[in-house]
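Engineer: Provided herewith is a single structure, encoded as structure tokens, for subsequent inquiry.
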Amino acid sequence: MKQQNDDLLCRFETHLAEHRFFKSRQKILIACSGGPDSVALFHLLQALAPQYGWKIGLIHFNHQLRPRAAKSDESFVRRLAARSQVFFYRGTGNVKREARRTQTSIEECARKMRYDFFFHTAKTKKIPALALAHTQDDQAETVLMRMIQGTGLRGLQGIRAKYPRGRVTLVRPLLVFTKKELRAYLAEQKIPYRSDKSNDSSRFVRNRIRLELIPKLQRDFNPRVVEALSRLPAIVAGESALIAELEEQAWKKAFKKHRATRVELYRSVFLKFPTALQFRIVEKALKKLDPLSGLSFEAWERLRRGLVRSRYRCSLPKDIDLALTPKNITLYKK
């Protein structure tokens, strides 16, 4: 067992070097819930920190969804930071109340509040790297969930291993490791962690995929389905990079004008492009008007059918309208 876990640390170090996730002597903020995956990530990075001169710390967000257990989780992470003599930041927020206010799901709201706090803290404290403990299992669940919901190539890219956001880069160094491997490492090292009972609830879609659907797929179709699903993002990433390059070229040709609340495209140029590029050009225009906007498949299908008319107008998400004239395609904020 010890040999296996020595190998795990060695594989982890090799993986970090191959992908250049972190620089020498840099500060790294590790998001830690107290659960096995994030605790394993902390101990793996801590084991390598002296060698690379990293200054690591922990950050924890209390969602107030399980009052008593959430306080215990926070205390656990605080004690872990104190014992390890690393810096610690904590945040809290009433997710249920905010979800009601914004009319979003508990899962979506919790994720947004958590990430907003993580990025804000890293930016304020001038910490360039934010490490999260998503695993190969999480990647497989994400890909499967998006396939069930209906997605395109972007959705199939799954969880990204590295994501820059301003001066902070989000890094997920455990995407090639399974939860089983990490738990074995913790057991051999006799490292304690917290268990979140909400992970066993069938209330959330992701939990049902993890607890019911994936085990069925492993049992009845492919025992290595997690590995197979987690490979898809890497395969799709290369193809998406090529399409992104084509998109940029097409955008430069179709783009006419951009003001604060208006984007104009050359209609004749736009209509010459394949449908897939047209979709991406419209999405790019929408993002320029509102970064939170987007185009669903259904909305695109309605819009695409209207493009054959000489004049056409339709409403899109985030109070954006599209107007089609013989010469131009104009998107503007109402």
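Starting from 1 in every chain, residues are counted up; chains themselves are A, B, ... following the order of the structure tokens, and ligands are numbered from 1 as listed.
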Show me, as a list in words, the residues that have an atom within 10 Å of Gln46 in chain A when counting only C-alpha atoms, minus same-chain residues fewer than 6 positions from it.

Structural biologist: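 Near Gln46 in chain A, the qualifying residues are Ala40, Trp54, Lys55, Ile56, Gly57, Ser84 and Val86 of chain A.
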
Engineer: Those same residues, written as an mmCIF file, in the first residue's frame with C-alpha atoms?

Structural biologist:
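Contents of again.cif, as written:
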data_model
loop_
_atom_site.group_PDB
_atom_site.id
_atom_site.type_symbol
_atom_site.label_atom_id
_atom_site.label_comp_id
_atom_site.auth_asym_id
_atom_site.auth_seq_id
_atom_site.Cartn_x
_atom_site.Cartn_y
_atom_site.Cartn_z
ATOM 1 C CA ALA A 40 -5.974 14.917 -0.331
ATOM 2 C CA TRP A 54 5.320 27.172 -2.680
ATOM 3 C CA LYS A 55 3.468 29.109 -0.016
ATOM 4 C CA ILE A 56 0.129 27.387 0.278
ATOM 5 C CA GLY A 57 -3.050 28.181 2.157
ATOM 6 C CA SER A 84 -0.061 22.840 9.115
ATOM 7 C CA VAL A 86 -0.645 27.768 6.534
#

Engineer: Give me the residues within 9 Å of Leu8 in chain A as JSON, numbers by chain, counting only C-alpha atoms and dropping any in the same chain fewer than 6 places off.

Structural biologist: {"A": [177, 181, 182, 185]}

Engineer: Produce a file of the selected residues containing C-alpha atoms, as a PDB file, in the first residue's frame.

Structural biologist:
ATOM      1  CA  PHE A 177      -7.004  10.765 -10.470  1.00  0.00           C
ATOM      2  CA  GLU A 181      -7.111   6.448  -5.433  1.00  0.00           C
ATOM      3  CA  LEU A 182      -7.319   9.533  -3.253  1.00  0.00           C
ATOM      4  CA  TYR A 185      -3.885   7.616  -0.128  1.00  0.00           C
TER       5      TYR A 185
END

Engineer: Find the residues near range 145-150 of chain A: any atom within 12 Å, counting only C-alpha atoms, skip ones fewer than 2 places away on the same chain, and give them as a PDB file with C-alpha atoms, in the first residue's frame.

Structural biologist:
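New file around_15.pdb:
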ATOM      1  CA  ASP A 138     -16.279  14.551 -11.287  1.00  0.00           C
ATOM      2  CA  GLN A 139     -15.236  14.983 -14.911  1.00  0.00           C
ATOM      3  CA  ALA A 140     -17.176  11.877 -15.976  1.00  0.00           C
ATOM      4  CA  GLU A 141     -20.275  12.995 -14.058  1.00  0.00           C
ATOM      5  CA  THR A 142     -20.128  16.465 -15.630  1.00  0.00           C
ATOM      6  CA  VAL A 143     -19.806  15.113 -19.179  1.00  0.00           C
ATOM      7  CA  GLY A 152     -22.627  20.961 -27.963  1.00  0.00           C
ATOM      8  CA  LEU A 153     -18.861  20.682 -28.244  1.00  0.00           C
ATOM      9  CA  ARG A 154     -18.289  23.372 -25.625  1.00  0.00           C
ATOM     10  CA  GLY A 155     -20.295  21.453 -23.047  1.00  0.00           C
ATOM     11  CA  LEU A 156     -18.422  18.242 -23.837  1.00  0.00           C
ATOM     12  CA  GLN A 157     -15.167  19.967 -22.887  1.00  0.00           C
ATOM     13  CA  GLY A 158     -16.318  19.322 -19.341  1.00  0.00           C
ATOM     14  CA  ILE A 159     -14.298  20.656 -16.418  1.00  0.00           C
ATOM     15  CA  PHE A 204     -29.600  16.696  -6.699  1.00  0.00           C
ATOM     16  CA  VAL A 205     -29.175  15.583 -10.323  1.00  0.00           C
ATOM     17  CA  ARG A 206     -25.408  15.141 -10.041  1.00  0.00           C
ATOM     18  CA  ASN A 207     -25.840  12.870  -7.022  1.00  0.00           C
ATOM     19  CA  ARG A 208     -28.308  10.662  -8.882  1.00  0.00           C
ATOM     20  CA  ILE A 209     -25.865  10.379 -11.774  1.00  0.00           C
ATOM     21  CA  ARG A 210     -23.052   9.407  -9.393  1.00  0.00           C
ATOM     22  CA  LEU A 213     -26.631   6.026 -13.311  1.00  0.00           C
ATOM     23  CA  ILE A 214     -22.855   5.545 -13.398  1.00  0.00           C
ATOM     24  CA  LEU A 229     -16.251   9.596 -20.249  1.00  0.00           C
ATOM     25  CA  LEU A 232     -14.007  12.978 -24.022  1.00  0.00           C
ATOM     26  CA  PRO A 233     -13.025  16.533 -22.939  1.00  0.00           C
ATOM     27  CA  SER A 296     -29.955  28.059 -26.399  1.00  0.00           C
ATOM     28  CA  PHE A 297     -30.443  25.499 -29.159  1.00  0.00           C
ATOM     29  CA  GLU A 298     -34.157  26.298 -29.307  1.00  0.00           C
TER      30      GLU A 298
END

Engineer: So, with only C-alpha atoms as the atoms that count, which of A:Leu277, A:Leu295, A:Leu307, A:Ala81 lies closest to Thr151 in chain A?

Structural biologist: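 Looking only at the distances to Thr151 in chain A, the closest residue turns out to be A:Leu295.
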
Engineer: A:Lys288, A:Ile281, A:Arg309, A:Arg262: which is nearest Asp321 in chain A, counting only C-alpha atoms?

Structural biologist: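 Checking each candidate against Asp321 in chain A, we get A:Arg262 as the closest.
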
Engineer: Using DSSP assignments from the backbone, pull out every residue in range 58-237 of chain A that falls under alpha helix (DSSP H) and give it to me as a PyMOL selection string.

Structural biologist: chain A and resi 67-84+95-102+106-124+136-149+153-156+179-189+205-208+214-220+225-237

Engineer: Between A:Arg90, A:Lys180, A:Arg20, A:Lys126, which is the closest to Pro36 in chain A once you count only C-alpha atoms?

Structural biologist: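 Of all the options, A:Lys180 lies closest to Pro36 in chain A.
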
Engineer: Excluding Arg111 in chain A and any residue of its chain fewer than 2 positions from it, enumerate the residues within 12 Å of it, using only C-alpha atoms, and give them as a PyMOL selection string.

Structural biologist: chain A and resi 61-63+93+95+98-99+104-109+113-118

Engineer: Just the selected residues (N, CA and C atoms), exported as a CSV table (one decimal), in the first residue's frame, please.

Structural biologist:
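Final output, saved to part-v4.csv:
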chain,number,residue,atom,x,y,z
A,61,PHE,N,-15.6,27.9,2.2
A,61,PHE,CA,-16.9,28.7,2.1
A,61,PHE,C,-18.0,27.9,2.8
A,62,ASN,N,-18.7,28.6,3.8
A,62,ASN,CA,-19.8,27.9,4.5
A,62,ASN,C,-21.1,28.4,3.8
A,63,HIS,N,-21.8,27.4,3.2
A,63,HIS,CA,-23.0,27.7,2.5
A,63,HIS,C,-24.3,27.8,3.4
A,93,GLY,N,-22.3,32.5,3.5
A,93,GLY,CA,-23.4,33.1,2.8
A,93,GLY,C,-24.6,32.2,2.9
A,95,VAL,N,-27.2,30.6,1.2
A,95,VAL,CA,-27.4,30.1,-0.1
A,95,VAL,C,-28.9,30.0,-0.4
A,98,GLU,N,-30.4,33.5,-1.0
A,98,GLU,CA,-30.0,34.0,-2.3
A,98,GLU,C,-30.5,33.3,-3.5
A,99,ALA,N,-30.7,32.0,-3.4
A,99,ALA,CA,-31.3,31.2,-4.4
A,99,ALA,C,-32.8,31.7,-4.7
A,104,THR,N,-32.8,30.9,-8.7
A,104,THR,CA,-31.9,29.9,-9.3
A,104,THR,C,-31.9,28.7,-8.4
A,105,SER,N,-31.4,27.6,-8.9
A,105,SER,CA,-31.3,26.4,-8.1
A,105,SER,C,-30.3,26.5,-6.9
A,106,ILE,N,-30.5,25.7,-5.9
A,106,ILE,CA,-29.5,25.7,-4.8
A,106,ILE,C,-28.1,25.4,-5.3
A,107,GLU,N,-28.0,24.4,-6.1
A,107,GLU,CA,-26.7,24.0,-6.7
A,107,GLU,C,-26.0,25.1,-7.4
A,108,GLU,N,-26.8,25.8,-8.3
A,108,GLU,CA,-26.2,26.8,-9.1
A,108,GLU,C,-25.8,28.0,-8.2
A,109,CYS,N,-26.7,28.4,-7.3
A,109,CYS,CA,-26.4,29.5,-6.5
A,109,CYS,C,-25.2,29.3,-5.5
A,113,MET,N,-21.8,31.6,-5.5
A,113,MET,CA,-21.4,32.3,-4.3
A,113,MET,C,-20.0,31.9,-3.8
A,114,ARG,N,-19.8,30.6,-3.9
A,114,ARG,CA,-18.5,30.0,-3.5
A,114,ARG,C,-17.4,30.5,-4.4
A,115,TYR,N,-17.6,30.4,-5.7
A,115,TYR,CA,-16.6,30.8,-6.7
A,115,TYR,C,-16.3,32.3,-6.6
A,116,ASP,N,-17.4,33.1,-6.4
A,116,ASP,CA,-17.2,34.6,-6.3
A,116,ASP,C,-16.3,34.9,-5.1
A,117,PHE,N,-16.5,34.2,-4.0
A,117,PHE,CA,-15.7,34.4,-2.8
A,117,PHE,C,-14.3,34.0,-3.0
A,118,PHE,N,-14.1,32.8,-3.7
A,118,PHE,CA,-12.7,32.3,-3.9
A,118,PHE,C,-11.9,33.3,-4.8

Engineer: Residues of range 122-163 of chain A classed as strand (DSSP E or B) by DSSP on the backbone are to be reported as a ChimeraX atom specification.

Structural biologist: /A:129-131,162-163

Engineer: Can I get the selected residues back with C-alpha atoms, as a tab-separated table (two decimals), in the first residue's frame?

Structural biologist:
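Written file, out35.tsv:
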chain	number	residue	atom	x	y	z
A	129	ALA	CA	-3.28	30.33	-8.27
A	130	LEU	CA	-6.54	28.87	-6.97
A	131	ALA	CA	-6.51	25.06	-6.74
A	162	LYS	CA	-6.78	25.38	-16.11
A	163	TYR	CA	-8.88	28.52	-16.36

Engineer: So, with only C-alpha atoms as the atoms that count, which of A:Leu48, A:Ile28, A:Leu144, A:Val263 lies closest to Val282 in chain A?

Structural biologist: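 Among A:Leu48, A:Ile28, A:Leu144, A:Val263, it is A:Val263 that comes nearest to Val282 in chain A.
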
Engineer: Would you please work out which residue, of A:Leu292, A:Ala250, A:Ala323, A:Ala161, is nearest to Glu264 in chain A when using only C-alpha atoms?

Structural biologist: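 So, comparing all the options, the nearest one is A:Ala323.
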
Engineer: At a cut-off of 10 Å, using only C-alpha atoms, what residues contact Tyr52 in chain A? Leave out same-chain residues fewer than 6 positions from it and give the result as a VMD selection string.

Structural biologist: chain A and resid 22 to 26 45

Engineer: Which residues, written as a list in words, have at least one atom at most 9 Å from Arg267 in chain A, with only C-alpha atoms counted and residues fewer than 3 positions away on the same chain left out?

Structural biologist: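 Those residues are Ala254, Glu264, Phe270, Leu271, Lys272, Leu324, Thr325, Pro326, Lys327, Asn328 and Ile329 of chain A.
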
Engineer: Applying 12 Å and only C-alpha atoms, which residues near Phe87 in chain A remain after dropping the ones on its own chain fewer than 6 positions away? List them as an mmCIF file with N, CA and C atoms, in the first residue's frame.

Structural biologist:
data_model
loop_
_atom_site.group_PDB
_atom_site.id
_atom_site.type_symbol
_atom_site.label_atom_id
_atom_site.label_comp_id
_atom_site.auth_asym_id
_atom_site.auth_seq_id
_atom_site.Cartn_x
_atom_site.Cartn_y
_atom_site.Cartn_z
ATOM 1 N N LYS A 27 2.449 31.629 -4.534
ATOM 2 C CA LYS A 27 1.395 31.391 -3.548
ATOM 3 C C LYS A 27 0.274 30.588 -4.205
ATOM 4 N N ILE A 28 -0.241 29.596 -3.483
ATOM 5 C CA ILE A 28 -1.326 28.750 -3.995
ATOM 6 C C ILE A 28 -2.422 28.694 -2.935
ATOM 7 N N LEU A 29 -3.632 29.032 -3.337
ATOM 8 C CA LEU A 29 -4.783 28.979 -2.443
ATOM 9 C C LEU A 29 -5.598 27.732 -2.790
ATOM 10 N N ILE A 30 -5.797 26.846 -1.818
ATOM 11 C CA ILE A 30 -6.488 25.574 -2.057
ATOM 12 C C ILE A 30 -7.892 25.641 -1.473
ATOM 13 N N LYS A 55 4.102 28.674 -1.256
ATOM 14 C CA LYS A 55 3.468 29.109 -0.016
ATOM 15 C C LYS A 55 1.982 28.833 -0.184
ATOM 16 N N ILE A 56 1.506 27.814 0.501
ATOM 17 C CA ILE A 56 0.129 27.387 0.278
ATOM 18 C C ILE A 56 -0.777 27.762 1.452
ATOM 19 N N GLY A 57 -2.064 27.863 1.137
ATOM 20 C CA GLY A 57 -3.050 28.181 2.157
ATOM 21 C C GLY A 57 -4.379 27.538 1.814
ATOM 22 N N LEU A 58 -5.326 27.633 2.726
ATOM 23 C CA LEU A 58 -6.642 27.028 2.557
ATOM 24 C C LEU A 58 -7.728 28.102 2.550
ATOM 25 N N ILE A 59 -8.755 27.853 1.750
ATOM 26 C CA ILE A 59 -9.907 28.742 1.732
ATOM 27 C C ILE A 59 -11.169 27.888 1.803
ATOM 28 N N HIS A 60 -12.129 28.323 2.602
ATOM 29 C CA HIS A 60 -13.339 27.521 2.845
ATOM 30 C C HIS A 60 -14.558 28.429 2.799
ATOM 31 N N VAL A 77 -11.468 22.501 8.788
ATOM 32 C CA VAL A 77 -10.523 23.110 7.846
ATOM 33 C C VAL A 77 -9.662 24.150 8.555
ATOM 34 N N ARG A 78 -10.265 24.903 9.479
ATOM 35 C CA ARG A 78 -9.508 25.903 10.240
ATOM 36 C C ARG A 78 -8.403 25.220 11.056
ATOM 37 N N ARG A 79 -8.745 24.104 11.709
ATOM 38 C CA ARG A 79 -7.745 23.375 12.508
ATOM 39 C C ARG A 79 -6.651 22.782 11.616
ATOM 40 N N LEU A 80 -7.053 22.297 10.439
ATOM 41 C CA LEU A 80 -6.084 21.738 9.496
ATOM 42 C C LEU A 80 -5.067 22.810 9.097
ATOM 43 N N ALA A 81 -5.554 24.007 8.833
ATOM 44 C CA ALA A 81 -4.668 25.109 8.466
ATOM 45 C C ALA A 81 -3.735 25.482 9.634
ATOM 46 N N LYS A 125 -5.972 39.263 -2.100
ATOM 47 C CA LYS A 125 -4.746 38.878 -1.395
ATOM 48 C C LYS A 125 -3.564 38.678 -2.345
ATOM 49 N N ILE A 127 -3.048 36.410 -4.704
ATOM 50 C CA ILE A 127 -2.628 35.012 -4.816
ATOM 51 C C ILE A 127 -2.959 34.553 -6.243
#

Engineer: Please indicate the distance in Å from CA of Glu227 in chain A to CA of Lys190 in chain A, rounded to one decimal place.

Structural biologist: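 One can read the CA of Glu227 in chain A to CA of Lys190 in chain A distance as 27.2 Å.
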
Engineer: Rounded to one decimal in Å, what is the spacing between CA of Gly306 in chain A and CA of Leu331 in chain A?

Structural biologist: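 Separation between CA of Gly306 in chain A and CA of Leu331 in chain A: 14.3 Å.
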
Engineer: Enter the distance from CA of Leu322 in chain A to CA of Ser268 in chain A, in Å, rounded to one decimal.

Structural biologist: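 Answer for the CA of Leu322 in chain A to CA of Ser268 in chain A separation: 15.8 Å.
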
Engineer: Calculated over only C-alpha atoms, which of the candidates A:Ala234, A:Leu186, A:Cys10, A:Val168 has the smallest distance to Phe42 in chain A?

Structural biologist: A:Leu186
